[in-house]
>>> print(open('my_file.cif').read())   # mmCIF, N, CA and C atoms
data_start
#
loop_
_atom_site.label_atom_id
_atom_site.label_comp_id
_atom_site.auth_asym_id
_atom_site.auth_seq_id
_atom_site.Cartn_x
_atom_site.Cartn_y
_atom_site.Cartn_z
N MET A 75 18.40 0.21 26.74
CA MET A 75 17.34 0.88 26.02
C MET A 75 17.25 0.27 24.62
N ALA A 76 16.12 -0.24 24.25
CA ALA A 76 15.90 -0.81 22.92
C ALA A 76 15.15 0.20 22.06
N VAL A 77 15.70 0.46 20.89
CA VAL A 77 15.06 1.40 19.96
C VAL A 77 14.93 0.70 18.62
N THR A 78 13.80 0.86 18.00
CA THR A 78 13.59 0.26 16.68
C THR A 78 12.94 1.27 15.77
N GLY A 79 13.16 1.14 14.47
CA GLY A 79 12.46 1.98 13.50
C GLY A 79 11.01 1.55 13.41
N THR A 80 10.13 2.48 13.18
CA THR A 80 8.73 2.12 13.01
C THR A 80 8.55 1.40 11.69
N LYS A 81 7.50 0.66 11.58
CA LYS A 81 7.21 -0.12 10.38
C LYS A 81 7.19 0.78 9.15
N VAL A 82 7.83 0.32 8.09
CA VAL A 82 7.81 1.07 6.83
C VAL A 82 6.46 0.85 6.18
N GLY A 83 5.72 1.93 5.98
CA GLY A 83 4.37 1.82 5.48
C GLY A 83 4.28 1.82 3.96
N ARG A 84 3.27 1.15 3.47
CA ARG A 84 2.97 1.12 2.04
C ARG A 84 2.04 2.27 1.73
N LEU A 85 2.34 2.96 0.64
CA LEU A 85 1.52 4.06 0.19
C LEU A 85 1.43 3.99 -1.33
N ASP A 86 0.24 3.77 -1.85
CA ASP A 86 0.05 3.74 -3.30
C ASP A 86 -0.25 5.15 -3.79
N ILE A 87 0.35 5.51 -4.93
CA ILE A 87 0.22 6.87 -5.43
C ILE A 87 -0.20 6.88 -6.90
N ARG A 88 -0.80 7.99 -7.29
CA ARG A 88 -1.12 8.24 -8.70
C ARG A 88 -0.29 9.42 -9.16
N LEU A 89 0.41 9.24 -10.25
CA LEU A 89 1.21 10.30 -10.86
C LEU A 89 0.51 10.76 -12.12
N VAL A 90 0.63 12.04 -12.46
CA VAL A 90 -0.05 12.60 -13.62
C VAL A 90 0.99 13.17 -14.57
N ARG A 91 0.97 12.69 -15.82
CA ARG A 91 1.91 13.21 -16.82
C ARG A 91 1.69 14.70 -17.01
N GLY A 92 2.81 15.44 -17.05
CA GLY A 92 2.74 16.87 -17.28
C GLY A 92 2.55 17.71 -16.03
N ASP A 93 2.37 17.08 -14.88
CA ASP A 93 2.21 17.82 -13.62
C ASP A 93 3.47 17.70 -12.77
N THR A 94 3.81 18.75 -12.05
CA THR A 94 4.84 18.68 -11.04
C THR A 94 4.23 17.95 -9.85
N GLN A 95 4.99 17.02 -9.27
CA GLN A 95 4.47 16.22 -8.17
C GLN A 95 5.46 16.17 -7.03
N ARG A 96 4.95 16.09 -5.82
CA ARG A 96 5.77 16.01 -4.62
C ARG A 96 5.46 14.69 -3.92
N VAL A 97 6.50 13.89 -3.73
CA VAL A 97 6.35 12.57 -3.12
C VAL A 97 7.42 12.43 -2.04
N GLY A 98 7.09 11.79 -0.94
CA GLY A 98 8.09 11.59 0.09
C GLY A 98 7.60 10.70 1.20
N GLY A 99 8.39 10.66 2.24
CA GLY A 99 8.06 9.83 3.39
C GLY A 99 8.71 10.39 4.64
N ARG A 100 8.43 9.75 5.77
CA ARG A 100 8.96 10.20 7.05
C ARG A 100 9.50 9.00 7.82
N TRP A 101 10.67 9.18 8.42
CA TRP A 101 11.30 8.14 9.21
C TRP A 101 11.23 8.54 10.67
N ARG A 102 10.68 7.64 11.48
CA ARG A 102 10.61 7.84 12.93
C ARG A 102 11.06 6.56 13.62
N LYS A 103 11.54 6.69 14.84
CA LYS A 103 11.96 5.54 15.64
C LYS A 103 11.14 5.49 16.92
N GLN A 104 10.94 4.26 17.41
CA GLN A 104 10.19 4.08 18.65
C GLN A 104 11.10 3.46 19.71
N ASN A 105 11.10 4.05 20.89
CA ASN A 105 11.79 3.49 22.04
C ASN A 105 10.89 2.39 22.60
N LEU A 106 11.36 1.15 22.56
CA LEU A 106 10.52 0.02 22.99
C LEU A 106 10.29 0.00 24.50
N THR A 107 11.15 0.66 25.26
CA THR A 107 10.98 0.72 26.71
C THR A 107 9.91 1.72 27.10
N THR A 108 9.96 2.91 26.51
CA THR A 108 9.03 3.98 26.90
C THR A 108 7.85 4.12 25.94
N GLY A 109 7.98 3.59 24.73
CA GLY A 109 6.94 3.76 23.72
C GLY A 109 7.02 5.08 22.97
N GLU A 110 7.97 5.94 23.36
CA GLU A 110 8.11 7.25 22.74
C GLU A 110 8.56 7.11 21.28
N ILE A 111 7.90 7.86 20.40
CA ILE A 111 8.25 7.87 18.99
C ILE A 111 8.88 9.21 18.67
N THR A 112 10.08 9.17 18.06
CA THR A 112 10.78 10.41 17.71
C THR A 112 11.24 10.33 16.25
N PRO A 113 11.24 11.48 15.58
CA PRO A 113 11.71 11.50 14.19
C PRO A 113 13.22 11.37 14.12
N VAL A 114 13.70 10.85 13.00
CA VAL A 114 15.13 10.77 12.74
C VAL A 114 15.54 12.03 11.99
N ASP A 115 16.57 12.70 12.46
CA ASP A 115 17.07 13.91 11.81
C ASP A 115 17.74 13.52 10.49
N LEU A 116 17.15 13.93 9.38
CA LEU A 116 17.66 13.57 8.05
C LEU A 116 18.46 14.70 7.40
N THR A 117 18.82 15.73 8.14
CA THR A 117 19.52 16.85 7.52
C THR A 117 20.89 16.47 6.99
N GLY A 118 21.53 15.43 7.51
CA GLY A 118 22.83 14.98 7.00
C GLY A 118 22.72 13.83 6.02
N TRP A 119 21.52 13.54 5.56
CA TRP A 119 21.27 12.41 4.69
C TRP A 119 20.93 12.90 3.28
N VAL A 120 20.99 11.98 2.32
CA VAL A 120 20.50 12.25 0.97
C VAL A 120 19.38 11.25 0.68
N GLY A 121 18.40 11.68 -0.10
CA GLY A 121 17.27 10.82 -0.41
C GLY A 121 17.05 10.71 -1.91
N GLU A 122 16.32 9.67 -2.29
CA GLU A 122 16.03 9.46 -3.71
C GLU A 122 14.73 8.68 -3.85
N ILE A 123 14.00 9.01 -4.90
CA ILE A 123 12.81 8.24 -5.26
C ILE A 123 13.16 7.37 -6.45
N GLU A 124 12.65 6.15 -6.44
CA GLU A 124 12.80 5.23 -7.57
C GLU A 124 11.42 4.77 -8.02
N LEU A 125 11.22 4.74 -9.32
CA LEU A 125 10.04 4.11 -9.92
C LEU A 125 10.54 2.90 -10.68
N ARG A 126 9.95 1.77 -10.41
CA ARG A 126 10.36 0.52 -11.04
C ARG A 126 9.20 -0.14 -11.78
N SER A 127 9.54 -1.13 -12.56
CA SER A 127 8.55 -1.92 -13.29
C SER A 127 7.63 -2.63 -12.30
N PRO A 128 6.50 -3.17 -12.78
CA PRO A 128 5.57 -3.85 -11.87
C PRO A 128 6.20 -4.98 -11.05
N ASP A 129 7.17 -5.71 -11.63
CA ASP A 129 7.83 -6.79 -10.88
C ASP A 129 9.03 -6.28 -10.08
N GLY A 130 9.37 -5.00 -10.20
CA GLY A 130 10.45 -4.40 -9.43
C GLY A 130 11.84 -4.61 -10.00
N ARG A 131 11.95 -5.33 -11.10
CA ARG A 131 13.27 -5.68 -11.65
C ARG A 131 13.93 -4.55 -12.43
N GLU A 132 13.13 -3.75 -13.13
CA GLU A 132 13.69 -2.69 -13.97
C GLU A 132 13.52 -1.33 -13.30
N LEU A 133 14.61 -0.57 -13.26
CA LEU A 133 14.56 0.79 -12.75
C LEU A 133 14.21 1.71 -13.91
N TRP A 134 13.04 2.37 -13.81
CA TRP A 134 12.56 3.23 -14.89
C TRP A 134 12.82 4.70 -14.65
N PHE A 135 12.92 5.10 -13.39
CA PHE A 135 13.08 6.52 -13.07
C PHE A 135 13.71 6.64 -11.70
N GLU A 136 14.65 7.57 -11.56
CA GLU A 136 15.20 7.89 -10.25
C GLU A 136 15.43 9.39 -10.20
N HIS A 137 15.22 9.94 -9.01
CA HIS A 137 15.31 11.39 -8.87
C HIS A 137 15.66 11.72 -7.41
N ALA A 138 16.58 12.64 -7.22
CA ALA A 138 17.00 13.02 -5.87
C ALA A 138 15.90 13.78 -5.14
N CYS A 139 15.85 13.58 -3.84
CA CYS A 139 14.95 14.35 -2.98
C CYS A 139 15.60 15.71 -2.72
N GLN A 140 14.81 16.75 -2.84
CA GLN A 140 15.33 18.10 -2.66
C GLN A 140 15.27 18.56 -1.21
N THR A 141 14.40 17.95 -0.41
CA THR A 141 14.21 18.40 0.97
C THR A 141 14.42 17.24 1.94
N MET A 142 15.34 17.44 2.87
CA MET A 142 15.61 16.47 3.94
C MET A 142 15.51 17.26 5.25
N THR A 143 14.61 16.86 6.16
CA THR A 143 14.33 17.70 7.33
C THR A 143 14.78 17.07 8.65
N ALA A 144 14.89 17.93 9.65
CA ALA A 144 15.26 17.49 11.00
C ALA A 144 14.15 16.67 11.65
N ASP A 145 12.91 16.81 11.16
CA ASP A 145 11.81 16.04 11.75
C ASP A 145 11.46 14.80 10.92
N GLY A 146 12.44 14.29 10.15
CA GLY A 146 12.31 12.98 9.54
C GLY A 146 11.75 12.89 8.15
N TYR A 147 11.50 14.00 7.48
CA TYR A 147 10.91 13.97 6.15
C TYR A 147 11.96 13.99 5.05
N ALA A 148 11.73 13.16 4.04
CA ALA A 148 12.47 13.20 2.78
C ALA A 148 11.43 13.49 1.70
N VAL A 149 11.59 14.62 1.00
CA VAL A 149 10.59 15.06 0.04
C VAL A 149 11.25 15.21 -1.33
N CYS A 150 10.66 14.56 -2.33
CA CYS A 150 11.19 14.58 -3.69
C CYS A 150 10.19 15.30 -4.59
N ASP A 151 10.68 16.34 -5.27
CA ASP A 151 9.85 17.07 -6.22
C ASP A 151 10.13 16.54 -7.62
N ILE A 152 9.11 15.94 -8.23
CA ILE A 152 9.25 15.37 -9.57
C ILE A 152 8.82 16.44 -10.57
N PRO A 153 9.71 16.80 -11.51
CA PRO A 153 9.37 17.86 -12.46
C PRO A 153 8.28 17.44 -13.44
N ALA A 154 7.59 18.43 -13.99
CA ALA A 154 6.49 18.17 -14.94
C ALA A 154 6.98 17.47 -16.19
N THR A 155 8.24 17.59 -16.52
CA THR A 155 8.80 16.98 -17.74
C THR A 155 9.23 15.52 -17.54
N ALA A 156 9.08 14.99 -16.35
CA ALA A 156 9.61 13.66 -16.02
C ALA A 156 9.04 12.53 -16.87
N PHE A 157 7.79 12.58 -17.23
CA PHE A 157 7.15 11.44 -17.89
C PHE A 157 6.65 11.78 -19.30
N THR A 158 7.34 12.67 -19.98
CA THR A 158 6.89 13.11 -21.30
C THR A 158 7.43 12.25 -22.44
N GLY A 159 8.44 11.44 -22.21
CA GLY A 159 9.00 10.60 -23.26
C GLY A 159 8.04 9.52 -23.72
N ASP A 160 8.24 9.04 -24.94
CA ASP A 160 7.36 8.02 -25.52
C ASP A 160 7.33 6.72 -24.72
N GLN A 161 8.42 6.38 -24.02
CA GLN A 161 8.45 5.13 -23.25
C GLN A 161 7.38 5.11 -22.17
N TRP A 162 6.92 6.28 -21.74
CA TRP A 162 5.90 6.35 -20.69
C TRP A 162 4.50 6.08 -21.22
N ASN A 163 4.34 5.94 -22.55
CA ASN A 163 3.05 5.54 -23.12
C ASN A 163 2.68 4.13 -22.69
N THR A 164 3.68 3.28 -22.44
CA THR A 164 3.41 1.90 -22.03
C THR A 164 3.77 1.62 -20.58
N ARG A 165 4.47 2.52 -19.95
CA ARG A 165 4.83 2.36 -18.53
C ARG A 165 3.78 3.06 -17.68
N ARG A 166 2.77 2.33 -17.28
CA ARG A 166 1.63 2.93 -16.58
C ARG A 166 1.48 2.52 -15.13
N THR A 167 2.17 1.46 -14.71
CA THR A 167 2.09 1.01 -13.32
C THR A 167 3.42 0.43 -12.90
N GLY A 168 3.63 0.35 -11.59
CA GLY A 168 4.85 -0.27 -11.09
C GLY A 168 5.00 -0.08 -9.59
N GLN A 169 6.21 -0.31 -9.11
CA GLN A 169 6.55 -0.15 -7.71
C GLN A 169 7.38 1.12 -7.52
N TRP A 170 7.26 1.73 -6.37
CA TRP A 170 8.07 2.92 -6.06
C TRP A 170 8.56 2.85 -4.63
N LYS A 171 9.64 3.59 -4.36
CA LYS A 171 10.11 3.72 -2.98
C LYS A 171 10.95 4.98 -2.85
N VAL A 172 11.00 5.48 -1.63
CA VAL A 172 11.92 6.55 -1.28
C VAL A 172 12.89 5.94 -0.28
N PHE A 173 14.18 6.07 -0.59
CA PHE A 173 15.19 5.62 0.36
C PHE A 173 16.08 6.79 0.72
N VAL A 174 16.70 6.69 1.88
CA VAL A 174 17.62 7.71 2.35
C VAL A 174 18.96 7.05 2.65
N ARG A 175 20.03 7.82 2.49
CA ARG A 175 21.37 7.31 2.75
C ARG A 175 22.16 8.35 3.54
N ASN A 176 22.79 7.89 4.62
CA ASN A 176 23.63 8.76 5.42
C ASN A 176 24.90 9.03 4.64
N SER A 177 25.19 10.29 4.39
CA SER A 177 26.34 10.64 3.55
C SER A 177 27.67 10.38 4.25
N ILE A 178 27.67 10.17 5.56
CA ILE A 178 28.92 9.89 6.29
C ILE A 178 29.13 8.39 6.46
N THR A 179 28.11 7.68 6.96
CA THR A 179 28.27 6.26 7.27
C THR A 179 27.89 5.33 6.11
N GLY A 180 27.11 5.84 5.16
CA GLY A 180 26.64 5.01 4.06
C GLY A 180 25.40 4.19 4.38
N GLU A 181 24.91 4.28 5.62
CA GLU A 181 23.69 3.55 6.00
C GLU A 181 22.56 3.93 5.05
N ARG A 182 21.81 2.93 4.60
CA ARG A 182 20.71 3.17 3.66
C ARG A 182 19.44 2.54 4.21
N ARG A 183 18.34 3.29 4.15
CA ARG A 183 17.04 2.83 4.64
C ARG A 183 15.94 3.20 3.67
N THR A 184 15.01 2.28 3.46
CA THR A 184 13.77 2.59 2.74
C THR A 184 12.80 3.15 3.77
N ILE A 185 12.23 4.33 3.47
CA ILE A 185 11.32 4.94 4.45
C ILE A 185 9.86 4.89 4.02
N VAL A 186 9.61 4.67 2.74
CA VAL A 186 8.23 4.50 2.27
C VAL A 186 8.28 3.78 0.93
N TRP A 187 7.25 3.00 0.63
CA TRP A 187 7.19 2.26 -0.62
C TRP A 187 5.74 2.03 -0.98
N GLY A 188 5.53 1.57 -2.18
CA GLY A 188 4.17 1.24 -2.62
C GLY A 188 4.12 0.99 -4.10
N TYR A 189 2.94 1.14 -4.64
CA TYR A 189 2.71 0.96 -6.07
C TYR A 189 2.25 2.28 -6.67
N TRP A 190 2.63 2.53 -7.91
CA TRP A 190 2.25 3.77 -8.57
C TRP A 190 1.47 3.47 -9.85
N THR A 191 0.66 4.44 -10.22
CA THR A 191 -0.09 4.43 -11.47
C THR A 191 0.13 5.77 -12.14
N LEU A 192 0.37 5.74 -13.45
CA LEU A 192 0.57 6.97 -14.21
C LEU A 192 -0.64 7.21 -15.08
N SER A 193 -1.19 8.42 -14.99
CA SER A 193 -2.33 8.79 -15.83
C SER A 193 -2.04 10.07 -16.58
N ASP A 194 -2.83 10.33 -17.62
CA ASP A 194 -2.67 11.56 -18.41
C ASP A 194 -3.54 12.66 -17.85
#
>>> encode(input="my_file.cif", output="structure tokens")
Amino acid sequence: MAVTGTKVGRLDIRLVRGDTQRVGGRWRKQNLTTGEITPVDLTGWVGEIELRSPDGRELWFEHACQTMTADGYAVCDIPATAFTGDQWNTRRTGQWKVFVRNSITGERRTIVWGYWTLSD
């Protein structure tokens, strides 16, 4: 039986300074023999969102995901105070991703990524 993870999709997002925001992704696997797609149980995993510079080299923000579900969702709630510092006056675009890590095996996977824009 051959099983593979489904393609990690790109999702571009807009973040708003001063607003609470919810960002996340879903991990599912496809059985290549049957074509059946099933979610990965993430209840034993930890997740995190990262916001990086436009070239991806600098890590500007990281925050733990608060919700990890049995049906494959990792959901990160970004607090309204996250982008209030002066450094965010010039940090307006970049790359983002949500990754998950198995707390027992250490396996790490990116489940969604894209580009972000910050507006007031």
>>> select_by_dssp(input="my_file.cif", residues="region 94-172 of chain A", states="strand (DSSP E)", output="number ranges by chain")
A: 95-100, 102-105, 111-113, 119-126, 133-138, 141-142, 147-152, 167-172
>>> atom_distance(input="my_file.cif", atom1="CA of Arg166 (chain A)", atom2="CA of Met142 (chain A)")
28.3 Å
>>> closest_residue(input="my_file.cif", among="A:Gly146, A:Phe173, A:Val97, A:Glu181", to="Pro113 (chain A)", atoms="all atoms listed in the file")
A:Gly146
>>> closest_residue(input="my_file.cif", among="A:Thr179, A:Gln169, A:Thr117, A:Thr184", to="Gly130 (chain A)", atoms="all atoms listed in the file")
A:Gln169
>>> resolve_selection(input="my_file.cif", expression="the PyMOL selection byres ((chain A and resi 91-96) around 7)", output="NGL selection string")
:A and (89-90 or 97-98 or 149-158 or 192-194)
>>> atom_distance(input="my_file.cif", atom1="atom C of His137 (chain A)", atom2="CA of Gly168 (chain A)")
16.6 Å
>>> resolve_selection(input="my_file.cif", expression="the PyMOL selection byres (((chain A and resi 174-178 and name CA) around 8) and name CA)", output="PDB file with N, CA and C atoms, in the coordinates of the input")
ATOM      1  N   GLY A 118      21.530  15.430   7.510  1.00  0.00           N
ATOM      2  CA  GLY A 118      22.830  14.980   7.000  1.00  0.00           C
ATOM      3  C   GLY A 118      22.720  13.830   6.020  1.00  0.00           C
ATOM      4  N   TRP A 119      21.520  13.540   5.560  1.00  0.00           N
ATOM      5  CA  TRP A 119      21.270  12.410   4.690  1.00  0.00           C
ATOM      6  C   TRP A 119      20.930  12.900   3.280  1.00  0.00           C
ATOM      7  N   VAL A 120      20.990  11.980   2.320  1.00  0.00           N
ATOM      8  CA  VAL A 120      20.500  12.250   0.970  1.00  0.00           C
ATOM      9  C   VAL A 120      19.380  11.250   0.680  1.00  0.00           C
ATOM     10  N   GLY A 121      18.400  11.680  -0.100  1.00  0.00           N
ATOM     11  CA  GLY A 121      17.270  10.820  -0.410  1.00  0.00           C
ATOM     12  C   GLY A 121      17.050  10.710  -1.910  1.00  0.00           C
ATOM     13  N   GLU A 122      16.320   9.670  -2.290  1.00  0.00           N
ATOM     14  CA  GLU A 122      16.030   9.460  -3.710  1.00  0.00           C
ATOM     15  C   GLU A 122      14.730   8.680  -3.850  1.00  0.00           C
ATOM     16  N   ALA A 148      11.730  13.160   4.040  1.00  0.00           N
ATOM     17  CA  ALA A 148      12.470  13.200   2.780  1.00  0.00           C
ATOM     18  C   ALA A 148      11.430  13.490   1.700  1.00  0.00           C
ATOM     19  N   VAL A 172      11.000   5.480  -1.630  1.00  0.00           N
ATOM     20  CA  VAL A 172      11.920   6.550  -1.280  1.00  0.00           C
ATOM     21  C   VAL A 172      12.890   5.940  -0.280  1.00  0.00           C
ATOM     22  N   PHE A 173      14.180   6.070  -0.590  1.00  0.00           N
ATOM     23  CA  PHE A 173      15.190   5.620   0.360  1.00  0.00           C
ATOM     24  C   PHE A 173      16.080   6.790   0.720  1.00  0.00           C
ATOM     25  N   THR A 179      28.110   7.680   6.960  1.00  0.00           N
ATOM     26  CA  THR A 179      28.270   6.260   7.270  1.00  0.00           C
ATOM     27  C   THR A 179      27.890   5.330   6.110  1.00  0.00           C
ATOM     28  N   GLY A 180      27.110   5.840   5.160  1.00  0.00           N
ATOM     29  CA  GLY A 180      26.640   5.010   4.060  1.00  0.00           C
ATOM     30  C   GLY A 180      25.400   4.190   4.380  1.00  0.00           C
ATOM     31  N   GLU A 181      24.910   4.280   5.620  1.00  0.00           N
ATOM     32  CA  GLU A 181      23.690   3.550   6.000  1.00  0.00           C
ATOM     33  C   GLU A 181      22.560   3.930   5.050  1.00  0.00           C
ATOM     34  N   ARG A 182      21.810   2.930   4.600  1.00  0.00           N
ATOM     35  CA  ARG A 182      20.710   3.170   3.660  1.00  0.00           C
ATOM     36  C   ARG A 182      19.440   2.540   4.210  1.00  0.00           C
ATOM     37  N   ARG A 183      18.340   3.290   4.150  1.00  0.00           N
ATOM     38  CA  ARG A 183      17.040   2.830   4.640  1.00  0.00           C
ATOM     39  C   ARG A 183      15.940   3.200   3.670  1.00  0.00           C
ATOM     40  N   THR A 184      15.010   2.280   3.460  1.00  0.00           N
ATOM     41  CA  THR A 184      13.770   2.590   2.740  1.00  0.00           C
ATOM     42  C   THR A 184      12.800   3.150   3.770  1.00  0.00           C
ATOM     43  N   ILE A 185      12.230   4.330   3.470  1.00  0.00           N
ATOM     44  CA  ILE A 185      11.320   4.940   4.450  1.00  0.00           C
ATOM     45  C   ILE A 185       9.860   4.890   4.020  1.00  0.00           C
TER      46      ILE A 185
END
>>> atom_distance(input="my_file.cif", atom1="atom N of Tyr189 (chain A)", atom2="CA of Glu136 (chain A)")
15.1 Å
>>> closest_residue(input="my_file.cif", among="A:Asn105, A:Leu125, A:Leu85, A:Ala144", to="Lys171 (chain A)", atoms="all atoms listed in the file")
A:Leu125
>>> resolve_selection(input="my_file.cif", expression="the PyMOL selection byres (((chain A and resi 86 and name CA) around 8) and name CA)", output="list in words")
Arg84, Leu85, Ile87, Arg88, Trp187, Gly188, Tyr189 and Trp190 of chain A
>>> closest_residue(input="my_file.cif", among="A:Trp134, A:Trp162, A:Trp101, A:Trp170", to="Asp115 (chain A)", atoms="all atoms listed in the file")
A:Trp101
>>> closest_residue(input="my_file.cif", among="A:Thr167, A:Gln161, A:Ser127, A:Thr107", to="Thr191 (chain A)", atoms="only N, CA and C atoms")
A:Thr167
>>> decode(input="my_file.cif", residues="region 125-136 of chain A", atoms="N, CA and C atoms", output="compact mmCIF listing (two decimals), in the first residue's frame")
# COMPACT_ATOMS: atom_id res chain seq x y z
N LEU A 125 6.25 33.94 10.53
CA LEU A 125 6.25 35.01 9.53
C LEU A 125 7.70 35.39 9.29
N ARG A 126 8.10 35.39 8.04
CA ARG A 126 9.47 35.68 7.68
C ARG A 126 9.55 36.87 6.73
N SER A 127 10.76 37.35 6.54
CA SER A 127 11.02 38.44 5.60
C SER A 127 10.67 38.00 4.19
N PRO A 128 10.59 38.95 3.24
CA PRO A 128 10.22 38.58 1.87
C PRO A 128 11.13 37.52 1.24
N ASP A 129 12.43 37.52 1.57
CA ASP A 129 13.33 36.50 1.03
C ASP A 129 13.37 35.23 1.88
N GLY A 130 12.66 35.22 3.01
CA GLY A 130 12.57 34.05 3.87
C GLY A 130 13.73 33.86 4.82
N ARG A 131 14.71 34.73 4.78
CA ARG A 131 15.92 34.55 5.60
C ARG A 131 15.75 34.95 7.06
N GLU A 132 14.95 35.99 7.31
CA GLU A 132 14.80 36.49 8.68
C GLU A 132 13.46 36.04 9.26
N LEU A 133 13.52 35.50 10.47
CA LEU A 133 12.31 35.13 11.19
C LEU A 133 11.83 36.35 11.97
N TRP A 134 10.64 36.86 11.63
CA TRP A 134 10.13 38.08 12.25
C TRP A 134 9.10 37.79 13.34
N PHE A 135 8.42 36.66 13.25
CA PHE A 135 7.36 36.36 14.20
C PHE A 135 7.14 34.86 14.24
N GLU A 136 6.95 34.32 15.43
CA GLU A 136 6.56 32.92 15.57
C GLU A 136 5.57 32.82 16.72
